[in-house]
Number of protein chains: 2
Amino acid sequence: MNKITLKVIAEKLGVSVSTVSRALTGKPGVSKELRNKIIATAKKLGYYPDATATGLRRGKTMTIGVLLPELSGDFFSQIVTGMEKVLFHLGYRLMLCPTDDDPEKEAAQIKMLISQKVEGILSAPADMKANRSLYSQVINDMGIPIVFFDRLVEGVDTDYVLTDNEDGIRQLVDYLMSKGHRRIGMIHPLKGTFTGEARLRAFLEYKDRIEIKEEWVKDGKSSEMGGYEAFKSLIREKDKPTALIVGNNLMTLGVLKAARDLSVKIPDDISLVSFDDAYWNEIFDPPITCVAQDPHQIGLITATILLDKMKNKREKGKRTNVVLKVRFIERSSVKKVKG
Amino acid sequence: MNKITLKVIAEKLGVSVSTVSRALTGKPGVSKELRNKIIATAKKLGYYPDATATGLRRGKTMTIGVLLPELSGDFFSQIVTGMEKVLFHLGYRLMLCPTDDDPEKEAAQIKMLISQKVEGILSAPADMKANRSLYSQVINDMGIPIVFFDRLVEGVDTDYVLTDNEDGIRQLVDYLMSKGHRRIGMIHPLKGTFTGEARLRAFLEYKDRIEIKEEWVKDGKSSEMGGYEAFKSLIREKDKPTALIVGNNLMTLGVLKAARDLSVKIPDDISLVSFDDAYWNEIFDPPITCVAQDPHQIGLITATILLDKMKNKREKGKRTNVVLKVRFIERSSVKKVKG
DNA sequence: CTGAAAGCGCTAACAG
DNA sequence: CTGTTAGCGCTTTCAG
């Protein structure tokens, strides 16, 4: 049960360590027979290359760090699945780092990834500004390529894959208006996050065309629980909006639960539209009208861009910035009202 | 922008590398002042310890491998969140490895984890038997502790945290019987997986007490898509069961979608119960009766057991085997019928 | 085609 | 309290 290293194999075969290394890593410079013999005994002995040694020697580790708010929830896990799909076959592993949308935890994770000598980082940053200098340091001083997805940090010059949040919100509001709604509320994603700010801002731009009371706008904290609470307090107002925009799919879940608990009928008592689709949105009664992103696709694209950056590290100035459109899906969670 | 290593710091301060190492790792044997000075300049210079070097030197890496069928889906991501909760604060990182329930991919991931020198592995194995000898080799030859969760591999002697699948199925069937159902079908999780086999087997034990036609039992492949297809083909039978057990929450989603697409009314046309709860189960119309696991809890327990194994590596014989009970939740997806 | 040698950055005896 | 030394296992010149 002794540890099997190159040296052990080399001694067993009476050759040198470097030859064994070359044979096993598929490098040229070993006769075919010798190579096969080496491969055979490596397998027989149960040799597993030591990634820490390789990593130390080469300064690279074949691992990609992924920073994201949370593992649970449909949206990010779909994204990660997409990333994994493109990266796994190329031999890369993912190191997933949940930040809980806490900039300090995010910073700790970033430092950890630096220590790990990751070859690249994919990040949906916790906060729009908090770790700006750390991110810049990673890119410039450490030379680790970063691609942001879903969210970004202002002032950090790098590639990103975002969704057109403004357009998404506009599609939602315009639709509601077309159905006669003029009094609209919103439960938006966590304040401080890129998506939270962007979606809220886009919504508030309608303040001259529709009625938006301050009490109709709540921070749903991006979570089921937050959406649940926000809806409860919003629906308690005597003067209610006729329609509500919910800023992501987790919060929609919470809102629906709250509506059920309080016997609020959708769309009769209040109309509802959601940013993000989800498998269950179509099954609910009523099915939820929404604008849909394609998280799996986001993952694929983001990973592909990183790969490209890692390959062509020369073209320093090049930036790939993608902004994806959402898809509007009309279902039955909005009723027509008189202006 | 040169790489900052212990050596750089040492030279800058005119001390030796080992002193710097001791100071930075909090080991005794450095005067308080010197230590502070070292810590200060390390920070000023932007020093990040090289995990590959530390890992190589110590043979340990502070990382835990997690093998699981998939990242997406509520169940496993909740489990992982639980694991992360206990492991992160102790300085461990998780390396998540999706297997897609494919034993070959699983084997590749395991070998990768060995190479990575992980300190422990948490696994929901892809197949009940496929990688038995590899798992045993990891435990015995490599000395890497493993804890199985949700599923296990037969014949691999190690700790595990499972759910009482048999009891869960029994509660479901008994409940259906109490509502008068005697013709029951099942859409079970992927054949070959521990949970798939266990839940199916438990169900089939009722074959003398209720009617179970062969066409009423389908493999839903553990996925939404699989559940969707299975339900479609099942409901097409002229002779249908009066009630259906769906073997996990992803498949339930698919079944509900199919029911909607085909205008099959639940519970009027067919009654439904589900293994696993989910946030949305309560919101659906009708809300779904089910037996619930607590995935977050599973994660916490599994991680805790692994931690314990890593600490007390001496007690080789000790095994912690947990079997968790499910919680029955009655909602409205089953109607009473006449026996 | 093959071998010898020099480290990658860090830790852990062992001396002093 | 601090420094010196010897590697961890691997890759990569540089010779032959």
# chains A, B, ... in the order shown; residues from 1 in each chain; ligands from 1
$ closest_atom_pairs --of "chain A" --to "chain B" --cutoff "8 Å" --atoms "only C-alpha atoms" --output "JSON lines"
{"residue": "A:Met1", "atom": "CA", "partner": "B:Asp141", "partner_atom": "CA", "distance": 5.8}
{"residue": "A:Tyr48", "atom": "CA", "partner": "B:Ser115", "partner_atom": "CA", "distance": 5.6}
{"residue": "A:Pro49", "atom": "CA", "partner": "B:Ser115", "partner_atom": "CA", "distance": 5.6}
{"residue": "A:Asp50", "atom": "CA", "partner": "B:Ser115", "partner_atom": "CA", "distance": 5.0}
{"residue": "A:Ala51", "atom": "CA", "partner": "B:Gln116", "partner_atom": "CA", "distance": 5.1}
{"residue": "A:Thr52", "atom": "CA", "partner": "B:Thr52", "partner_atom": "CA", "distance": 4.7}
{"residue": "A:Ala53", "atom": "CA", "partner": "B:Leu56", "partner_atom": "CA", "distance": 5.6}
{"residue": "A:Gly55", "atom": "CA", "partner": "B:Thr52", "partner_atom": "CA", "distance": 5.8}
{"residue": "A:Leu56", "atom": "CA", "partner": "B:Thr52", "partner_atom": "CA", "distance": 5.1}
{"residue": "A:Glu70", "atom": "CA", "partner": "B:Thr81", "partner_atom": "CA", "distance": 7.9}
{"residue": "A:Leu71", "atom": "CA", "partner": "B:Ser77", "partner_atom": "CA", "distance": 5.8}
{"residue": "A:Ser72", "atom": "CA", "partner": "B:Ser77", "partner_atom": "CA", "distance": 4.8}
{"residue": "A:Gly73", "atom": "CA", "partner": "B:Asp74", "partner_atom": "CA", "distance": 6.7}
{"residue": "A:Asp74", "atom": "CA", "partner": "B:Ser72", "partner_atom": "CA", "distance": 6.5}
{"residue": "A:Ser77", "atom": "CA", "partner": "B:Ser72", "partner_atom": "CA", "distance": 4.8}
{"residue": "A:Gln78", "atom": "CA", "partner": "B:Ser72", "partner_atom": "CA", "distance": 5.7}
{"residue": "A:Val80", "atom": "CA", "partner": "B:Leu71", "partner_atom": "CA", "distance": 7.5}
{"residue": "A:Thr81", "atom": "CA", "partner": "B:Leu71", "partner_atom": "CA", "distance": 6.4}
{"residue": "A:Leu94", "atom": "CA", "partner": "B:Met95", "partner_atom": "CA", "distance": 7.0}
{"residue": "A:Met95", "atom": "CA", "partner": "B:Met95", "partner_atom": "CA", "distance": 5.4}
{"residue": "A:Leu96", "atom": "CA", "partner": "B:Met95", "partner_atom": "CA", "distance": 6.9}
{"residue": "A:Lys111", "atom": "CA", "partner": "B:Tyr48", "partner_atom": "CA", "distance": 7.3}
{"residue": "A:Ile114", "atom": "CA", "partner": "B:Tyr48", "partner_atom": "CA", "distance": 7.0}
{"residue": "A:Ser115", "atom": "CA", "partner": "B:Asp50", "partner_atom": "CA", "distance": 5.0}
{"residue": "A:Gln116", "atom": "CA", "partner": "B:Ala51", "partner_atom": "CA", "distance": 5.1}
{"residue": "A:Lys117", "atom": "CA", "partner": "B:Asp50", "partner_atom": "CA", "distance": 7.2}
{"residue": "A:Asp141", "atom": "CA", "partner": "B:Met1", "partner_atom": "CA", "distance": 5.8}
{"residue": "A:Met142", "atom": "CA", "partner": "B:Met1", "partner_atom": "CA", "distance": 7.8}
{"residue": "A:Leu253", "atom": "CA", "partner": "B:Trp280", "partner_atom": "CA", "distance": 6.8}
{"residue": "A:Leu256", "atom": "CA", "partner": "B:Ile283", "partner_atom": "CA", "distance": 6.7}
{"residue": "A:Lys257", "atom": "CA", "partner": "B:Ile283", "partner_atom": "CA", "distance": 5.8}
{"residue": "A:Arg260", "atom": "CA", "partner": "B:Ile283", "partner_atom": "CA", "distance": 6.9}
{"residue": "A:Tyr279", "atom": "CA", "partner": "B:Leu253", "partner_atom": "CA", "distance": 7.5}
{"residue": "A:Trp280", "atom": "CA", "partner": "B:Leu253", "partner_atom": "CA", "distance": 6.8}
{"residue": "A:Glu282", "atom": "CA", "partner": "B:Lys257", "partner_atom": "CA", "distance": 7.5}
{"residue": "A:Ile283", "atom": "CA", "partner": "B:Lys257", "partner_atom": "CA", "distance": 5.8}
{"residue": "A:Phe284", "atom": "CA", "partner": "B:Phe284", "partner_atom": "CA", "distance": 5.6}
{"residue": "A:Asp285", "atom": "CA", "partner": "B:Asp285", "partner_atom": "CA", "distance": 6.1}
$ calpha_fit_and_write --fixed "chain B" --moving "chain A" --output "CSV table (one decimal) with C-alpha atoms, in the first residue's frame"
chain,number,residue,atom,x,y,z
A,1,MET,CA,4.2,42.1,-10.2
A,2,ASN,CA,6.7,39.4,-9.3
A,3,LYS,CA,5.3,36.5,-7.5
A,4,ILE,CA,5.3,37.0,-3.8
A,5,THR,CA,6.7,33.9,-2.0
A,6,LEU,CA,7.9,33.3,1.5
A,7,LYS,CA,11.4,33.8,0.2
A,8,VAL,CA,10.6,37.3,-1.0
A,9,ILE,CA,9.2,38.3,2.3
A,10,ALA,CA,12.1,36.7,4.1
A,11,GLU,CA,14.7,38.5,2.1
A,12,LYS,CA,12.9,41.8,2.4
A,13,LEU,CA,13.0,41.4,6.2
A,14,GLY,CA,16.4,39.8,6.4
A,15,VAL,CA,15.1,36.7,8.2
A,16,SER,CA,14.8,33.1,7.1
A,17,VAL,CA,12.1,31.4,5.2
A,18,SER,CA,11.2,29.1,7.9
A,19,THR,CA,10.6,31.9,10.3
A,20,VAL,CA,8.3,33.6,7.9
A,21,SER,CA,6.5,30.3,7.5
A,22,ARG,CA,6.1,29.9,11.2
A,23,ALA,CA,4.9,33.4,11.6
A,24,LEU,CA,2.3,33.2,8.9
A,25,THR,CA,0.9,29.8,9.8
A,26,GLY,CA,0.5,30.8,13.4
A,27,LYS,CA,3.0,28.2,14.7
A,28,PRO,CA,4.9,28.9,17.9
A,29,GLY,CA,8.5,29.9,18.0
A,30,VAL,CA,8.5,33.5,16.7
A,31,SER,CA,8.7,36.6,18.9
A,32,LYS,CA,5.5,38.6,18.9
A,33,GLU,CA,7.1,41.6,17.3
A,34,LEU,CA,8.8,39.7,14.5
A,35,ARG,CA,5.6,37.8,13.9
A,36,ASN,CA,3.6,41.0,13.6
A,37,LYS,CA,6.1,42.6,11.3
A,38,ILE,CA,6.1,39.6,9.1
A,39,ILE,CA,2.3,39.5,8.9
A,40,ALA,CA,2.2,43.1,8.1
A,41,THR,CA,4.7,43.0,5.2
A,42,ALA,CA,3.1,39.8,3.9
A,43,LYS,CA,-0.2,41.7,3.7
A,44,LYS,CA,1.5,44.8,2.2
A,45,LEU,CA,3.2,42.8,-0.4
A,46,GLY,CA,0.0,40.9,-1.3
A,47,TYR,CA,1.2,37.5,-0.3
A,48,TYR,CA,-1.1,34.5,-1.0
A,49,PRO,CA,0.1,31.1,0.1
A,50,ASP,CA,0.6,28.6,-2.7
A,51,ALA,CA,-1.9,25.8,-2.0
A,52,THR,CA,-0.2,23.5,-4.4
A,53,ALA,CA,3.1,23.8,-2.5
A,54,THR,CA,1.5,23.4,0.8
A,55,GLY,CA,-0.5,20.5,-0.5
A,56,LEU,CA,2.5,18.8,-1.9
A,57,ARG,CA,4.5,19.3,1.2
A,58,ARG,CA,1.8,18.2,3.6
A,59,GLY,CA,0.1,15.6,1.5
A,60,LYS,CA,-3.2,17.2,2.4
A,61,THR,CA,-5.2,19.8,0.7
A,62,MET,CA,-8.2,20.9,2.8
A,63,THR,CA,-10.5,19.9,0.1
A,64,ILE,CA,-13.4,17.5,0.1
A,65,GLY,CA,-14.7,15.9,-3.0
A,66,VAL,CA,-18.5,15.6,-3.5
A,67,LEU,CA,-19.8,13.1,-6.0
A,68,LEU,CA,-23.4,13.6,-7.0
A,69,PRO,CA,-25.7,12.9,-9.9
A,70,GLU,CA,-26.3,16.5,-10.9
A,71,LEU,CA,-26.0,20.0,-9.7
A,72,SER,CA,-29.4,21.1,-10.8
A,73,GLY,CA,-32.5,20.0,-9.1
A,74,ASP,CA,-33.6,21.1,-5.7
A,75,PHE,CA,-32.7,18.0,-3.7
A,76,PHE,CA,-29.0,17.7,-4.2
A,77,SER,CA,-28.3,21.4,-4.2
A,78,GLN,CA,-29.9,21.7,-0.8
A,79,ILE,CA,-27.8,18.8,0.4
A,80,VAL,CA,-24.6,20.5,-0.8
A,81,THR,CA,-25.7,23.8,0.8
A,82,GLY,CA,-25.9,21.9,4.1
A,83,MET,CA,-22.5,20.4,3.6
A,84,GLU,CA,-20.9,23.7,2.7
A,85,LYS,CA,-22.4,25.2,5.8
A,86,VAL,CA,-20.5,23.0,8.1
A,87,LEU,CA,-17.3,22.7,6.1
A,88,PHE,CA,-16.6,26.2,4.9
A,89,HIS,CA,-16.0,27.7,8.3
A,90,LEU,CA,-13.4,25.0,9.1
A,91,GLY,CA,-11.5,26.1,6.0
A,92,TYR,CA,-12.5,23.2,3.8
A,93,ARG,CA,-13.5,23.7,0.2
A,94,LEU,CA,-15.8,21.5,-1.8
A,95,MET,CA,-15.0,20.0,-5.2
A,96,LEU,CA,-18.3,19.2,-6.7
A,97,CYS,CA,-18.3,16.4,-9.2
A,98,PRO,CA,-21.4,15.7,-11.2
A,99,THR,CA,-21.6,12.1,-12.4
A,100,ASP,CA,-24.8,12.3,-14.5
A,101,ASP,CA,-25.5,8.9,-13.0
A,102,ASP,CA,-22.9,7.5,-15.4
A,103,PRO,CA,-20.6,5.0,-13.7
A,104,GLU,CA,-17.8,5.8,-16.1
A,105,LYS,CA,-17.9,9.5,-15.4
A,106,GLU,CA,-18.1,8.7,-11.8
A,107,ALA,CA,-15.0,6.6,-12.0
A,108,ALA,CA,-13.2,9.4,-13.8
A,109,GLN,CA,-14.2,11.8,-11.1
A,110,ILE,CA,-13.1,9.5,-8.4
A,111,LYS,CA,-9.7,9.2,-10.0
A,112,MET,CA,-9.5,12.9,-10.3
A,113,LEU,CA,-10.2,13.3,-6.7
A,114,ILE,CA,-7.5,10.9,-5.7
A,115,SER,CA,-5.1,12.9,-7.8
A,116,GLN,CA,-6.2,16.0,-6.1
A,117,LYS,CA,-5.3,14.6,-2.8
A,118,VAL,CA,-8.7,15.3,-1.3
A,119,GLU,CA,-9.0,14.6,2.4
A,120,GLY,CA,-12.4,13.0,2.2
A,121,ILE,CA,-15.2,12.1,-0.2
A,122,LEU,CA,-18.9,12.5,0.1
A,123,SER,CA,-20.8,10.5,-2.5
A,124,ALA,CA,-24.2,9.7,-3.7
A,125,PRO,CA,-23.0,7.0,-6.0
A,126,ALA,CA,-24.3,6.7,-9.6
A,127,ASP,CA,-24.9,2.9,-9.4
A,128,MET,CA,-25.5,0.4,-6.7
A,129,LYS,CA,-22.6,-1.8,-7.8
A,130,ALA,CA,-20.7,-0.4,-10.7
A,131,ASN,CA,-17.7,1.1,-9.0
A,132,ARG,CA,-17.6,-1.1,-5.9
A,133,SER,CA,-13.9,-2.1,-6.2
A,134,LEU,CA,-12.8,1.5,-7.0
A,135,TYR,CA,-14.6,2.8,-3.9
A,136,SER,CA,-13.1,0.1,-1.8
A,137,GLN,CA,-9.7,0.9,-3.1
A,138,VAL,CA,-10.1,4.5,-2.3
A,139,ILE,CA,-11.0,3.7,1.3
A,140,ASN,CA,-8.5,0.9,1.9
A,141,ASP,CA,-5.5,1.6,-0.3
A,142,MET,CA,-5.6,5.3,-0.4
A,143,GLY,CA,-7.0,5.7,3.1
A,144,ILE,CA,-9.4,8.4,2.0
A,145,PRO,CA,-12.5,8.4,4.2
A,146,ILE,CA,-15.8,8.2,2.3
A,147,VAL,CA,-19.4,8.9,3.5
A,148,PHE,CA,-22.2,7.9,1.3
A,149,PHE,CA,-25.4,10.0,1.3
A,150,ASP,CA,-28.8,9.3,-0.2
A,151,ARG,CA,-27.5,6.2,-2.0
A,152,LEU,CA,-24.8,3.7,-1.4
A,153,VAL,CA,-22.8,1.0,-3.2
A,154,GLU,CA,-23.4,-2.6,-2.1
A,155,GLY,CA,-20.5,-4.2,-0.4
A,156,VAL,CA,-18.5,-1.1,0.3
A,157,ASP,CA,-18.0,-1.0,4.0
A,158,THR,CA,-18.2,2.6,5.1
A,159,ASP,CA,-20.4,5.2,6.7
A,160,TYR,CA,-23.6,6.4,5.2
A,161,VAL,CA,-26.6,8.6,5.6
A,162,LEU,CA,-29.7,7.2,3.9
A,163,THR,CA,-33.4,7.8,3.9
A,164,ASP,CA,-35.8,5.0,4.9
A,165,ASN,CA,-37.0,4.5,1.4
A,166,GLU,CA,-39.1,1.4,2.3
A,167,ASP,CA,-40.9,3.2,5.0
A,168,GLY,CA,-41.5,6.2,2.8
A,169,ILE,CA,-43.1,4.1,0.1
A,170,ARG,CA,-45.1,2.2,2.6
A,171,GLN,CA,-46.5,5.4,4.1
A,172,LEU,CA,-47.5,6.4,0.6
A,173,VAL,CA,-49.1,3.2,-0.4
A,174,ASP,CA,-50.8,2.7,3.0
A,175,TYR,CA,-52.3,6.2,2.7
A,176,LEU,CA,-53.5,5.5,-0.8
A,177,MET,CA,-55.1,2.3,0.4
A,178,SER,CA,-56.7,4.0,3.2
A,179,LYS,CA,-58.3,6.3,0.7
A,180,GLY,CA,-59.7,3.2,-1.1
A,181,HIS,CA,-57.2,2.8,-3.8
A,182,ARG,CA,-56.4,-0.7,-4.9
A,183,ARG,CA,-55.0,-0.1,-8.4
A,184,ILE,CA,-51.8,1.8,-8.1
A,185,GLY,CA,-48.9,2.6,-10.5
A,186,MET,CA,-45.5,4.0,-9.9
A,187,ILE,CA,-43.0,6.1,-11.8
A,188,HIS,CA,-39.7,5.2,-10.1
A,189,PRO,CA,-36.3,6.8,-10.1
A,190,LEU,CA,-33.6,5.6,-12.5
A,191,LYS,CA,-33.1,1.8,-12.4
A,192,GLY,CA,-29.7,0.8,-11.1
A,193,THR,CA,-29.5,3.7,-8.6
A,194,PHE,CA,-29.9,2.8,-5.0
A,195,THR,CA,-32.9,4.9,-4.5
A,196,GLY,CA,-34.5,3.7,-7.7
A,197,GLU,CA,-34.2,0.1,-6.8
A,198,ALA,CA,-35.2,0.6,-3.1
A,199,ARG,CA,-38.3,2.5,-3.8
A,200,LEU,CA,-39.4,0.2,-6.6
A,201,ARG,CA,-38.8,-2.9,-4.5
A,202,ALA,CA,-40.7,-1.5,-1.6
A,203,PHE,CA,-43.6,-0.7,-3.8
A,204,LEU,CA,-43.7,-4.1,-5.5
A,205,GLU,CA,-43.9,-5.8,-2.1
A,206,TYR,CA,-47.6,-4.8,-2.2
A,207,LYS,CA,-48.3,-6.8,-5.3
A,208,ASP,CA,-50.4,-9.3,-3.4
A,209,ARG,CA,-52.5,-6.7,-1.6
A,210,ILE,CA,-53.1,-4.3,-4.5
A,211,GLU,CA,-53.3,-4.5,-8.2
A,212,ILE,CA,-50.0,-3.5,-9.9
A,213,LYS,CA,-50.1,-4.1,-13.6
A,214,GLU,CA,-46.7,-4.2,-15.3
A,215,GLU,CA,-47.7,-1.2,-17.6
A,216,TRP,CA,-48.3,0.9,-14.6
A,217,VAL,CA,-44.7,0.8,-13.5
A,218,LYS,CA,-42.3,3.0,-15.4
A,219,ASP,CA,-38.8,4.2,-15.1
A,220,GLY,CA,-38.9,8.0,-14.9
A,221,LYS,CA,-35.1,8.3,-15.1
A,222,SER,CA,-35.1,10.6,-12.1
A,223,SER,CA,-35.6,13.6,-14.2
A,224,GLU,CA,-38.4,16.0,-15.2
A,225,MET,CA,-38.2,14.8,-18.8
A,226,GLY,CA,-38.3,11.2,-17.8
A,227,GLY,CA,-41.3,11.8,-15.5
A,228,TYR,CA,-43.0,13.6,-18.3
A,229,GLU,CA,-42.6,10.8,-20.8
A,230,ALA,CA,-43.4,8.1,-18.3
A,231,PHE,CA,-46.7,9.7,-17.3
A,232,LYS,CA,-47.7,10.3,-20.9
A,233,SER,CA,-47.2,6.6,-21.8
A,234,LEU,CA,-48.8,5.5,-18.6
A,235,ILE,CA,-51.9,7.6,-18.9
A,236,ARG,CA,-52.4,6.3,-22.5
A,237,GLU,CA,-53.3,2.8,-21.2
A,238,LYS,CA,-57.0,2.0,-21.6
A,239,ASP,CA,-56.9,0.3,-18.2
A,240,LYS,CA,-55.4,2.9,-15.8
A,241,PRO,CA,-54.6,2.8,-12.2
A,242,THR,CA,-56.6,5.1,-9.9
A,243,ALA,CA,-53.5,6.4,-8.1
A,244,LEU,CA,-49.9,7.0,-9.0
A,245,ILE,CA,-46.7,7.2,-6.9
A,246,VAL,CA,-44.0,9.4,-8.3
A,247,GLY,CA,-40.5,8.5,-7.0
A,248,ASN,CA,-38.9,11.9,-6.6
A,249,ASN,CA,-39.6,15.6,-6.9
A,250,LEU,CA,-38.1,16.2,-10.4
A,251,MET,CA,-40.2,13.5,-11.9
A,252,THR,CA,-43.3,15.0,-10.1
A,253,LEU,CA,-42.6,18.2,-11.9
A,254,GLY,CA,-42.6,16.4,-15.2
A,255,VAL,CA,-45.7,14.4,-14.4
A,256,LEU,CA,-47.6,17.6,-13.5
A,257,LYS,CA,-46.5,19.2,-16.7
A,258,ALA,CA,-47.7,16.2,-18.7
A,259,ALA,CA,-51.0,16.1,-16.8
A,260,ARG,CA,-51.5,19.7,-17.7
A,261,ASP,CA,-50.6,19.2,-21.4
A,262,LEU,CA,-53.0,16.3,-21.6
A,263,SER,CA,-55.7,17.9,-19.6
A,264,VAL,CA,-55.6,15.1,-17.0
A,265,LYS,CA,-57.1,16.4,-13.8
A,266,ILE,CA,-55.6,15.6,-10.5
A,267,PRO,CA,-57.0,14.1,-8.4
A,268,ASP,CA,-60.2,13.6,-10.3
A,269,ASP,CA,-58.8,11.6,-13.2
A,270,ILE,CA,-55.9,10.1,-11.2
A,271,SER,CA,-54.6,10.5,-7.7
A,272,LEU,CA,-51.0,11.4,-7.1
A,273,VAL,CA,-48.5,11.2,-4.3
A,274,SER,CA,-44.8,12.1,-4.4
A,275,PHE,CA,-41.6,10.9,-2.8
A,276,ASP,CA,-39.9,14.2,-1.8
A,277,ASP,CA,-41.3,17.5,-1.0
A,278,ALA,CA,-40.4,20.7,-2.6
A,279,TYR,CA,-41.3,24.4,-2.1
A,280,TRP,CA,-43.6,24.3,-5.0
A,281,ASN,CA,-45.5,21.2,-4.0
A,282,GLU,CA,-47.5,23.3,-1.6
A,283,ILE,CA,-48.3,25.9,-4.2
A,284,PHE,CA,-49.6,23.6,-6.9
A,285,ASP,CA,-53.2,23.1,-7.6
A,286,PRO,CA,-53.9,20.7,-6.1
A,287,PRO,CA,-51.1,20.8,-3.5
A,288,ILE,CA,-49.2,17.5,-3.6
A,289,THR,CA,-49.4,15.0,-0.8
A,290,CYS,CA,-45.9,13.5,-0.2
A,291,VAL,CA,-43.3,12.1,2.1
A,292,ALA,CA,-40.7,14.7,2.7
A,293,GLN,CA,-37.0,14.3,3.3
A,294,ASP,CA,-34.9,17.1,4.7
A,295,PRO,CA,-32.0,17.5,2.3
A,296,HIS,CA,-30.4,20.3,4.1
A,297,GLN,CA,-30.2,18.1,7.2
A,298,ILE,CA,-28.8,15.3,5.2
A,299,GLY,CA,-26.0,17.5,4.1
A,300,LEU,CA,-25.2,18.7,7.6
A,301,ILE,CA,-25.2,15.2,9.0
A,302,THR,CA,-23.1,13.7,6.2
A,303,ALA,CA,-20.5,16.4,6.4
A,304,THR,CA,-20.3,16.1,10.2
A,305,ILE,CA,-19.7,12.4,10.0
A,306,LEU,CA,-16.9,12.9,7.5
A,307,LEU,CA,-15.3,15.4,9.7
A,308,ASP,CA,-15.4,13.0,12.6
A,309,LYS,CA,-13.8,10.3,10.5
A,310,MET,CA,-11.0,12.6,9.4
A,311,LYS,CA,-10.3,13.5,13.0
A,312,ASN,CA,-10.3,10.1,14.5
A,313,LYS,CA,-8.7,8.0,11.8
A,314,ARG,CA,-7.6,5.6,14.4
A,315,GLU,CA,-10.9,3.8,15.1
A,316,LYS,CA,-10.9,2.0,11.9
A,317,GLY,CA,-13.8,-0.3,12.6
A,318,LYS,CA,-16.2,2.4,13.6
A,319,ARG,CA,-19.1,3.0,11.3
A,320,THR,CA,-21.8,5.6,11.6
A,321,ASN,CA,-24.9,4.5,9.6
A,322,VAL,CA,-27.8,6.8,9.7
A,323,VAL,CA,-31.2,6.1,8.3
A,324,LEU,CA,-33.5,9.0,8.4
A,325,LYS,CA,-37.3,8.8,8.6
A,326,VAL,CA,-39.5,10.7,6.1
A,327,ARG,CA,-42.3,12.9,7.1
A,328,PHE,CA,-45.7,12.4,5.7
A,329,ILE,CA,-47.5,15.5,4.5
A,330,GLU,CA,-51.1,15.2,3.5
A,331,ARG,CA,-52.4,17.7,1.0
A,332,SER,CA,-55.0,17.4,-1.7
A,333,SER,CA,-53.7,15.4,-4.6
A,334,VAL,CA,-55.5,12.2,-3.6
A,335,LYS,CA,-59.2,11.6,-3.8
A,336,LYS,CA,-61.2,9.0,-2.0
A,337,VAL,CA,-62.4,6.1,-4.1
A,338,LYS,CA,-64.5,3.1,-3.5
A,339,GLY,CA,-62.5,-0.1,-3.0
$ select_by_dssp --residues "segment 94-196 of chain B" --states "helix (DSSP H, G or I)" --output "PyMOL selection string"
chain B and resi 103-115+132-140+165-178+194-196
$ interface_residues --of "chain D" --to "chain A" --cutoff "9 Å" --atoms "only C-alpha atoms (C1' of nucleotides)" --output "ChimeraX atom specification"
/D:8-12
$ interface_residues --of "chain C" --to "chain A" --cutoff "7 Å" --atoms "only C-alpha atoms (C1' of nucleotides)" --output "JSON, numbers by chain"
{"C": [1, 2, 3, 8]}
$ atom_distance --atom1 "atom C1' of DA4 of chain C" --atom2 "atom C1' of DG16 of chain D"
10.1 Å
$ select_by_dssp --residues "segment 160-334 of chain B" --states "strand (DSSP E)" --output "MDAnalysis selection string"
chainID B and resid 160:163 184:188 217:219 243:246 271:275 289:292 321:324 327:329
